[in-house]
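To start, the structure itself, in structure tokens.
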Amino acid sequence: MTKNLGLHETLEAHEILTFKSLCLTKSSTMSSLVQDTELQNILLKDSRTGTQDIQILQEILTNRGEQQ
């Protein structure tokens with residue numbers, strides 16, 4: 001299966017990556033400011049999943065011209 005992305009797909013992936021990065025920054029910052037432990041746990045979980053999503057998107061964009 002090829003992993004070639006079209007130009008518009010690459011741009012969309014970059015947009016999603018930028019959005020996820022912004023969300024990660026906000027979750028990380030807010031988790032240290034909130035006092036409610038339940039909300040803090042939600043934000044920390046969001047930070048973990050956001051980091052994983054960013055890594056996956058980076059891999060997709062890095063390997064977009066390679067064939068498997």
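Please note that chains go A, B, ... in the order of the structure tokens, that every chain numbers its residues from 1, and that ligands are numbered from 1 in the order shown.
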
Could you pull the residues within 9 Å of Leu24 (chain A), counting only C-alpha atoms, minus those fewer than 5 positions along the same chain, as an MDAnalysis selection string? chainID A and resid 19 29 46:51

Let me see the file: selected residues, C-alpha atoms, as a PDB file, in the first residue's frame.
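Saved result, part-v6.pdb, follows:
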```pdb
ATOM      1  CA  PHE A  19      -4.791  22.381  15.770  1.00  0.00           C
ATOM      2  CA  THR A  29      -1.183  24.947  30.562  1.00  0.00           C
ATOM      3  CA  ASP A  46      -6.229  14.931  26.916  1.00  0.00           C
ATOM      4  CA  SER A  47      -2.552  15.910  26.949  1.00  0.00           C
ATOM      5  CA  ARG A  48      -1.468  12.273  26.707  1.00  0.00           C
ATOM      6  CA  THR A  49      -3.824  11.447  23.847  1.00  0.00           C
ATOM      7  CA  GLY A  50      -2.959  14.715  22.094  1.00  0.00           C
ATOM      8  CA  THR A  51       0.736  13.822  22.248  1.00  0.00           C
TER       9      THR A  51
END
```

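Of the listed residues (A:Thr37, A:Ile42, A:Asp53, A:Asn4), A:Asp53 comes nearest to Ser21 (chain A); the distances count only C-alpha atoms.
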
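Closest approach to Lys45 (chain A) from the set A:Thr10, A:Ser27, A:Gln58, A:Thr18 is made by A:Ser27, with distances taken over only C-alpha atoms.
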
One decimal place gives the CA of Gln52 (chain A)-CA of Leu17 (chain A) separation as 11.3 Å

Dump as CSV the rows for residues of region 13-34 of chain A within 12 Å of region 59-63 of chain A: closest atom pair and distance in Å with one decimal, only C-alpha atoms counted, ordered by chain and rising residue number.
```
residue,atom,partner,partner_atom,distance
A:Ala13,CA,A:Leu61,CA,7.5
A:His14,CA,A:Leu61,CA,8.0
A:Glu15,CA,A:Leu61,CA,11.6
A:Ile16,CA,A:Leu61,CA,11.3
A:Leu17,CA,A:Leu61,CA,9.7
```
